[in-house]
>>> print(open('structure_14.pdb').read())   # PDB, C-alpha atoms, pLDDT in the B column
ATOM      1  CA  GLN A   1     -27.434 -37.028 112.446  1.00 88.00           C
ATOM      2  CA  ALA A   2     -28.114 -35.887 115.988  1.00 91.00           C
ATOM      3  CA  PRO A   3     -28.846 -38.507 118.646  1.00 91.00           C
ATOM      4  CA  SER A   4     -32.466 -38.947 119.607  1.00 94.00           C
ATOM      5  CA  PRO A   5     -33.714 -37.827 123.029  1.00 94.00           C
ATOM      6  CA  GLU A   6     -34.007 -41.507 123.959  1.00 94.00           C
ATOM      7  CA  ASP A   7     -30.365 -42.113 123.018  1.00 94.00           C
ATOM      8  CA  ILE A   8     -29.279 -39.102 125.059  1.00 95.00           C
ATOM      9  CA  LEU A   9     -31.271 -40.301 128.059  1.00 94.00           C
ATOM     10  CA  GLN A  10     -29.821 -43.799 127.770  1.00 90.00           C
ATOM     11  CA  ALA A  11     -26.263 -42.424 127.590  1.00 90.00           C
ATOM     12  CA  ALA A  12     -26.862 -40.186 130.606  1.00 92.00           C
ATOM     13  CA  GLN A  13     -28.236 -43.116 132.587  1.00 89.00           C
ATOM     14  CA  ALA A  14     -25.223 -45.245 131.669  1.00 86.00           C
ATOM     15  CA  LEU A  15     -22.859 -42.494 132.816  1.00 87.00           C
ATOM     16  CA  GLU A  16     -24.748 -42.158 136.097  1.00 88.00           C
ATOM     17  CA  ALA A  17     -24.468 -45.907 136.635  1.00 86.00           C
ATOM     18  CA  ILE A  18     -20.718 -45.824 135.966  1.00 86.00           C
ATOM     19  CA  ASP A  19     -20.365 -42.892 138.374  1.00 89.00           C
ATOM     20  CA  ARG A  20     -22.213 -44.850 141.077  1.00 87.00           C
ATOM     21  CA  ALA A  21     -20.022 -47.882 140.457  1.00 88.00           C
ATOM     22  CA  LEU A  22     -16.815 -45.826 140.566  1.00 90.00           C
ATOM     23  CA  SER A  23     -17.808 -44.198 143.842  1.00 91.00           C
ATOM     24  CA  ARG A  24     -18.200 -47.650 145.445  1.00 91.00           C
ATOM     25  CA  MET A  25     -14.924 -49.122 144.170  1.00 93.00           C
ATOM     26  CA  LYS A  26     -11.774 -49.486 146.187  1.00 95.00           C
ATOM     27  CA  THR A  27      -9.265 -46.771 145.329  1.00 96.00           C
ATOM     28  CA  ARG A  28      -6.838 -48.931 143.317  1.00 97.00           C
ATOM     29  CA  ILE A  29      -9.621 -50.527 141.299  1.00 96.00           C
ATOM     30  CA  ARG A  30     -11.064 -47.102 140.486  1.00 95.00           C
ATOM     31  CA  GLN A  31      -7.589 -45.833 139.530  1.00 97.00           C
ATOM     32  CA  THR A  32      -7.068 -48.859 137.294  1.00 97.00           C
ATOM     33  CA  PHE A  33     -10.394 -48.279 135.543  1.00 95.00           C
ATOM     34  CA  VAL A  34      -9.669 -44.572 134.997  1.00 95.00           C
ATOM     35  CA  LEU A  35      -6.137 -45.194 133.755  1.00 97.00           C
ATOM     36  CA  ARG A  36      -7.358 -47.805 131.264  1.00 97.00           C
ATOM     37  CA  TYR A  37     -10.602 -46.377 129.968  1.00 93.00           C
ATOM     38  CA  LEU A  38     -10.136 -42.626 130.369  1.00 93.00           C
ATOM     39  CA  GLU A  39      -6.389 -42.166 129.990  1.00 96.00           C
ATOM     40  CA  GLY A  40      -5.886 -45.060 127.547  1.00 97.00           C
ATOM     41  CA  LEU A  41      -2.938 -46.724 129.278  1.00 98.00           C
ATOM     42  CA  ASP A  42      -2.319 -50.398 128.579  1.00 98.00           C
ATOM     43  CA  GLN A  43      -2.185 -52.979 131.340  1.00 98.00           C
ATOM     44  CA  ALA A  44       1.616 -53.000 131.587  1.00 98.00           C
ATOM     45  CA  GLN A  45       1.714 -49.208 131.906  1.00 98.00           C
ATOM     46  CA  ILE A  46      -0.948 -49.303 134.616  1.00 98.00           C
ATOM     47  CA  ALA A  47       0.915 -52.019 136.500  1.00 98.00           C
ATOM     48  CA  GLU A  48       4.107 -49.986 136.413  1.00 98.00           C
ATOM     49  CA  ARG A  49       2.379 -46.782 137.491  1.00 97.00           C
ATOM     50  CA  LEU A  50       0.538 -48.440 140.386  1.00 98.00           C
ATOM     51  CA  GLY A  51       3.386 -50.742 141.404  1.00 98.00           C
ATOM     52  CA  VAL A  52       1.413 -53.949 140.969  1.00 98.00           C
ATOM     53  CA  SER A  53       1.565 -56.932 138.634  1.00 98.00           C
ATOM     54  CA  VAL A  54      -0.169 -57.079 135.272  1.00 98.00           C
ATOM     55  CA  ARG A  55      -2.272 -59.923 136.675  1.00 98.00           C
ATOM     56  CA  THR A  56      -3.470 -57.624 139.476  1.00 98.00           C
ATOM     57  CA  VAL A  57      -4.400 -55.009 136.879  1.00 98.00           C
ATOM     58  CA  GLN A  58      -6.355 -57.637 134.937  1.00 98.00           C
ATOM     59  CA  ASN A  59      -8.197 -58.730 138.075  1.00 98.00           C
ATOM     60  CA  ASP A  60      -8.947 -55.118 139.018  1.00 97.00           C
ATOM     61  CA  LEU A  61     -10.331 -54.390 135.545  1.00 97.00           C
ATOM     62  CA  VAL A  62     -12.613 -57.419 135.743  1.00 97.00           C
ATOM     63  CA  GLU A  63     -13.843 -56.320 139.160  1.00 95.00           C
ATOM     64  CA  ALA A  64     -14.404 -52.767 137.915  1.00 94.00           C
ATOM     65  CA  LEU A  65     -16.351 -53.900 134.860  1.00 91.00           C
ATOM     66  CA  LEU A  66     -18.485 -56.253 136.941  1.00 92.00           C
ATOM     67  CA  ALA A  67     -19.247 -53.381 139.320  1.00 90.00           C
ATOM     68  CA  CYS A  68     -20.234 -51.153 136.389  1.00 86.00           C
ATOM     69  CA  ASP A  69     -22.444 -53.885 134.984  1.00 84.00           C
ATOM     70  CA  ALA A  70     -24.122 -54.432 138.341  1.00 86.00           C
ATOM     71  CA  CYS A  71     -24.884 -50.714 138.715  1.00 82.00           C
ATOM     72  CA  ALA A  72     -26.292 -50.556 135.194  1.00 74.00           C
ATOM     73  CA  ARG A  73     -28.922 -53.176 135.940  1.00 73.00           C
ATOM     74  CA  PRO A  74     -32.231 -51.911 137.322  1.00 66.00           C
TER      75      PRO A  74
END
>>> encode(input="structure_14.pdb", output="C-alpha coordinates")
Amino acid sequence: QAPSPEDILQAAQALEAIDRALSRMKTRIRQTFVLRYLEGLDQAQIAERLGVSVRTVQNDLVEALLACDACARP
(Lines of atoms letter the chains of each structure in order from A and count residues from 1; the text may use other names and numbers.)
(Lines give C-alpha, C1' and ligand atoms only; values in the text may rest on other atoms or scores of the structure.)
Protein backbone atom coordinates (compact mmCIF):
# COMPACT_ATOMS: atom_id res chain seq x y z
CA GLN A 1 0.00 0.00 0.00
CA ALA A 2 1.36 3.38 -1.01
CA PRO A 3 1.71 6.08 1.65
CA SER A 4 -0.96 8.75 1.68
CA PRO A 5 -0.14 12.32 0.61
CA GLU A 6 -0.44 13.32 4.27
CA ASP A 7 2.10 10.67 5.28
CA ILE A 8 4.48 11.84 2.56
CA LEU A 9 4.12 15.45 3.67
CA GLN A 10 4.72 14.52 7.30
CA ALA A 11 7.86 12.54 6.39
CA ALA A 12 9.18 15.41 4.28
CA GLN A 13 8.59 17.86 7.12
CA ALA A 14 10.40 15.57 9.56
CA LEU A 15 13.38 15.32 7.21
CA GLU A 16 13.47 19.11 6.83
CA ALA A 17 13.45 19.48 10.61
CA ILE A 18 16.32 17.00 10.97
CA ASP A 19 18.24 18.86 8.25
CA ARG A 20 17.75 22.15 10.11
CA ALA A 21 18.88 20.55 13.36
CA LEU A 22 21.96 18.99 11.74
CA SER A 23 22.99 22.30 10.20
CA ARG A 24 22.98 23.93 13.66
CA MET A 25 24.92 21.19 15.46
CA LYS A 26 28.57 21.34 16.35
CA THR A 27 30.66 19.29 13.93
CA ARG A 28 31.41 16.36 16.27
CA ILE A 29 27.80 16.05 17.37
CA ARG A 30 26.64 16.03 13.74
CA GLN A 31 29.30 13.43 12.88
CA THR A 32 28.20 11.28 15.81
CA PHE A 33 24.56 11.44 14.70
CA VAL A 34 25.43 10.55 11.09
CA LEU A 35 27.73 7.70 12.09
CA ARG A 36 25.06 6.21 14.37
CA TYR A 37 21.85 6.72 12.46
CA LEU A 38 22.98 6.77 8.83
CA GLU A 39 26.05 4.54 8.84
CA GLY A 40 24.84 2.22 11.62
CA LEU A 41 27.99 2.25 13.75
CA ASP A 42 27.64 1.38 17.43
CA GLN A 43 28.78 3.73 20.16
CA ALA A 44 32.15 2.02 20.69
CA GLN A 45 32.92 2.19 16.97
CA ILE A 46 32.01 5.88 16.88
CA ALA A 47 34.16 6.60 19.92
CA GLU A 48 37.12 4.88 18.31
CA ARG A 49 36.64 6.64 14.98
CA LEU A 50 36.30 10.09 16.56
CA GLY A 51 38.91 9.56 19.26
CA VAL A 52 36.56 10.23 22.16
CA SER A 53 35.09 8.18 24.99
CA VAL A 54 31.90 6.16 24.71
CA ARG A 55 30.41 8.47 27.34
CA THR A 56 31.13 11.46 25.08
CA VAL A 57 29.40 9.66 22.21
CA GLN A 58 26.38 9.01 24.45
CA ASN A 59 26.23 12.66 25.48
CA ASP A 60 26.58 13.81 21.86
CA LEU A 61 23.75 11.50 20.76
CA VAL A 62 21.48 12.87 23.48
CA GLU A 63 22.31 16.43 22.43
CA ALA A 64 21.70 15.58 18.77
CA LEU A 65 18.35 13.95 19.46
CA LEU A 66 17.24 16.86 21.64
CA ALA A 67 18.19 19.26 18.84
CA CYS A 68 16.19 17.20 16.33
CA ASP A 69 13.22 17.14 18.67
CA ALA A 70 13.40 20.90 19.19
CA CYS A 71 13.46 21.55 15.43
CA ALA A 72 10.51 19.23 14.89
CA ARG A 73 8.27 21.24 17.19
CA PRO A 74 6.33 24.09 15.59
>>> resolve_selection(input="structure_14.pdb", expression="the PyMOL selection byres ((chain A and resi 57-62) around 8)", output="list in words")
Arg28, Ile29, Thr32, Phe33, Gln43, Ile46, Ala47, Val52, Ser53, Val54, Arg55, Thr56, Glu63, Ala64, Leu65 and Leu66 of chain A
>>> write_last_selection(input="structure_14.pdb", atoms="C-alpha atoms", output="CSV table (one decimal), keeping the file's coordinate frame")
chain,number,residue,atom,x,y,z
A,28,ARG,CA,-6.8,-48.9,143.3
A,29,ILE,CA,-9.6,-50.5,141.3
A,32,THR,CA,-7.1,-48.9,137.3
A,33,PHE,CA,-10.4,-48.3,135.5
A,43,GLN,CA,-2.2,-53.0,131.3
A,46,ILE,CA,-0.9,-49.3,134.6
A,47,ALA,CA,0.9,-52.0,136.5
A,52,VAL,CA,1.4,-53.9,141.0
A,53,SER,CA,1.6,-56.9,138.6
A,54,VAL,CA,-0.2,-57.1,135.3
A,55,ARG,CA,-2.3,-59.9,136.7
A,56,THR,CA,-3.5,-57.6,139.5
A,63,GLU,CA,-13.8,-56.3,139.2
A,64,ALA,CA,-14.4,-52.8,137.9
A,65,LEU,CA,-16.4,-53.9,134.9
A,66,LEU,CA,-18.5,-56.3,136.9
>>> residues_around(input="structure_14.pdb", residues="Ala17 in chain A", least_positions_apart="4", cutoff="7 Å", atoms="all atoms listed in the file", output="VMD selection string")
chain A and resid 13 21 68 71 to 72
>>> write_last_selection(input="structure_14.pdb", atoms="C-alpha atoms", output="PDB file, keeping the file's coordinate frame")
ATOM      1  CA  GLN A  13     -28.236 -43.116 132.587  1.00 89.00           C
ATOM      2  CA  ALA A  21     -20.022 -47.882 140.457  1.00 88.00           C
ATOM      3  CA  CYS A  68     -20.234 -51.153 136.389  1.00 86.00           C
ATOM      4  CA  CYS A  71     -24.884 -50.714 138.715  1.00 82.00           C
ATOM      5  CA  ALA A  72     -26.292 -50.556 135.194  1.00 74.00           C
TER       6      ALA A  72
END
>>> axis_aligned_box(input="structure_14.pdb", around="range 46-59 of chain A", padding_each_side="5 Å", output="AutoDock Vina command-line options")
--center_x -2.0 --center_y -53.4 --center_z 138.0 --size_x 22.3 --size_y 23.1 --size_z 16.8
>>> closest_residue(input="structure_14.pdb", among="A:Leu50, A:Ala2, A:Ala70, A:Leu41", to="Arg20 in chain A", atoms="only C-alpha atoms")
A:Ala70
>>> residues_around(input="structure_14.pdb", residues="Arg24 in chain A", least_positions_apart="5", cutoff="9 Å", atoms="only C-alpha atoms", output="list of chain:residue names")
A:Asp19, A:Arg30, A:Ala67
>>> atom_distance(input="structure_14.pdb", atom1="CA of Asp69 in chain A", atom2="CA of Ala14 in chain A")
9.7 Å
>>> build_atoms(input="structure_14.pdb", residues="range 20-40 of chain A", atoms="N, CA, C and O atoms", output="PDB file, keeping the file's coordinate frame")
ATOM      1  N   ARG A  20     -21.849 -44.145 139.835  1.00 87.00           N
ATOM      2  CA  ARG A  20     -22.213 -44.850 141.077  1.00 87.00           C
ATOM      3  C   ARG A  20     -21.239 -45.993 141.346  1.00 87.00           C
ATOM      4  O   ARG A  20     -20.780 -46.178 142.465  1.00 87.00           O
ATOM      5  N   ALA A  21     -20.936 -46.752 140.300  1.00 88.00           N
ATOM      6  CA  ALA A  21     -20.022 -47.882 140.457  1.00 88.00           C
ATOM      7  C   ALA A  21     -18.636 -47.404 140.875  1.00 88.00           C
ATOM      8  O   ALA A  21     -18.016 -47.966 141.782  1.00 88.00           O
ATOM      9  N   LEU A  22     -18.142 -46.348 140.233  1.00 90.00           N
ATOM     10  CA  LEU A  22     -16.815 -45.826 140.566  1.00 90.00           C
ATOM     11  C   LEU A  22     -16.755 -45.346 142.005  1.00 90.00           C
ATOM     12  O   LEU A  22     -15.748 -45.557 142.694  1.00 90.00           O
ATOM     13  N   SER A  23     -17.811 -44.728 142.477  1.00 91.00           N
ATOM     14  CA  SER A  23     -17.808 -44.198 143.842  1.00 91.00           C
ATOM     15  C   SER A  23     -17.769 -45.312 144.884  1.00 91.00           C
ATOM     16  O   SER A  23     -17.343 -45.086 146.007  1.00 91.00           O
ATOM     17  N   ARG A  24     -18.170 -46.515 144.510  1.00 91.00           N
ATOM     18  CA  ARG A  24     -18.200 -47.650 145.445  1.00 91.00           C
ATOM     19  C   ARG A  24     -16.943 -48.525 145.374  1.00 91.00           C
ATOM     20  O   ARG A  24     -16.756 -49.402 146.203  1.00 91.00           O
ATOM     21  N   MET A  25     -16.117 -48.286 144.361  1.00 93.00           N
ATOM     22  CA  MET A  25     -14.924 -49.122 144.170  1.00 93.00           C
ATOM     23  C   MET A  25     -13.812 -48.753 145.138  1.00 93.00           C
ATOM     24  O   MET A  25     -13.705 -47.606 145.571  1.00 93.00           O
ATOM     25  N   LYS A  26     -12.993 -49.752 145.442  1.00 95.00           N
ATOM     26  CA  LYS A  26     -11.774 -49.486 146.187  1.00 95.00           C
ATOM     27  C   LYS A  26     -10.904 -48.560 145.340  1.00 95.00           C
ATOM     28  O   LYS A  26     -10.974 -48.572 144.104  1.00 95.00           O
ATOM     29  N   THR A  27     -10.059 -47.794 146.005  1.00 96.00           N
ATOM     30  CA  THR A  27      -9.265 -46.771 145.329  1.00 96.00           C
ATOM     31  C   THR A  27      -8.446 -47.325 144.173  1.00 96.00           C
ATOM     32  O   THR A  27      -8.474 -46.777 143.073  1.00 96.00           O
ATOM     33  N   ARG A  28      -7.694 -48.400 144.382  1.00 97.00           N
ATOM     34  CA  ARG A  28      -6.838 -48.931 143.317  1.00 97.00           C
ATOM     35  C   ARG A  28      -7.650 -49.424 142.130  1.00 97.00           C
ATOM     36  O   ARG A  28      -7.271 -49.226 140.966  1.00 97.00           O
ATOM     37  N   ILE A  29      -8.781 -50.028 142.390  1.00 96.00           N
ATOM     38  CA  ILE A  29      -9.621 -50.527 141.299  1.00 96.00           C
ATOM     39  C   ILE A  29     -10.167 -49.358 140.488  1.00 96.00           C
ATOM     40  O   ILE A  29     -10.169 -49.386 139.257  1.00 96.00           O
ATOM     41  N   ARG A  30     -10.591 -48.305 141.178  1.00 95.00           N
ATOM     42  CA  ARG A  30     -11.064 -47.102 140.486  1.00 95.00           C
ATOM     43  C   ARG A  30      -9.933 -46.477 139.671  1.00 95.00           C
ATOM     44  O   ARG A  30     -10.126 -46.100 138.511  1.00 95.00           O
ATOM     45  N   GLN A  31      -8.737 -46.386 140.255  1.00 97.00           N
ATOM     46  CA  GLN A  31      -7.589 -45.833 139.530  1.00 97.00           C
ATOM     47  C   GLN A  31      -7.293 -46.662 138.285  1.00 97.00           C
ATOM     48  O   GLN A  31      -7.026 -46.106 137.212  1.00 97.00           O
ATOM     49  N   THR A  32      -7.333 -47.970 138.426  1.00 97.00           N
ATOM     50  CA  THR A  32      -7.068 -48.859 137.294  1.00 97.00           C
ATOM     51  C   THR A  32      -8.072 -48.618 136.181  1.00 97.00           C
ATOM     52  O   THR A  32      -7.704 -48.502 135.002  1.00 97.00           O
ATOM     53  N   PHE A  33      -9.337 -48.527 136.527  1.00 95.00           N
ATOM     54  CA  PHE A  33     -10.394 -48.279 135.543  1.00 95.00           C
ATOM     55  C   PHE A  33     -10.157 -46.948 134.825  1.00 95.00           C
ATOM     56  O   PHE A  33     -10.213 -46.878 133.593  1.00 95.00           O
ATOM     57  N   VAL A  34      -9.882 -45.902 135.578  1.00 95.00           N
ATOM     58  CA  VAL A  34      -9.669 -44.572 134.997  1.00 95.00           C
ATOM     59  C   VAL A  34      -8.441 -44.566 134.094  1.00 95.00           C
ATOM     60  O   VAL A  34      -8.476 -44.023 132.980  1.00 95.00           O
ATOM     61  N   LEU A  35      -7.355 -45.175 134.561  1.00 97.00           N
ATOM     62  CA  LEU A  35      -6.137 -45.194 133.755  1.00 97.00           C
ATOM     63  C   LEU A  35      -6.355 -45.940 132.438  1.00 97.00           C
ATOM     64  O   LEU A  35      -5.836 -45.551 131.389  1.00 97.00           O
ATOM     65  N   ARG A  36      -7.131 -47.011 132.478  1.00 97.00           N
ATOM     66  CA  ARG A  36      -7.358 -47.805 131.264  1.00 97.00           C
ATOM     67  C   ARG A  36      -8.350 -47.143 130.322  1.00 97.00           C
ATOM     68  O   ARG A  36      -8.103 -46.982 129.140  1.00 97.00           O
ATOM     69  N   TYR A  37      -9.510 -46.781 130.851  1.00 93.00           N
ATOM     70  CA  TYR A  37     -10.602 -46.377 129.968  1.00 93.00           C
ATOM     71  C   TYR A  37     -10.713 -44.872 129.738  1.00 93.00           C
ATOM     72  O   TYR A  37     -11.349 -44.452 128.774  1.00 93.00           O
ATOM     73  N   LEU A  38     -10.100 -44.071 130.595  1.00 93.00           N
ATOM     74  CA  LEU A  38     -10.136 -42.626 130.369  1.00 93.00           C
ATOM     75  C   LEU A  38      -8.795 -42.085 129.888  1.00 93.00           C
ATOM     76  O   LEU A  38      -8.760 -41.185 129.060  1.00 93.00           O
ATOM     77  N   GLU A  39      -7.709 -42.644 130.408  1.00 96.00           N
ATOM     78  CA  GLU A  39      -6.389 -42.166 129.990  1.00 96.00           C
ATOM     79  C   GLU A  39      -5.771 -43.033 128.898  1.00 96.00           C
ATOM     80  O   GLU A  39      -4.780 -42.636 128.285  1.00 96.00           O
ATOM     81  N   GLY A  40      -6.326 -44.224 128.654  1.00 97.00           N
ATOM     82  CA  GLY A  40      -5.886 -45.060 127.547  1.00 97.00           C
ATOM     83  C   GLY A  40      -4.589 -45.824 127.767  1.00 97.00           C
ATOM     84  O   GLY A  40      -4.000 -46.313 126.804  1.00 97.00           O
TER      85      GLY A  40
END
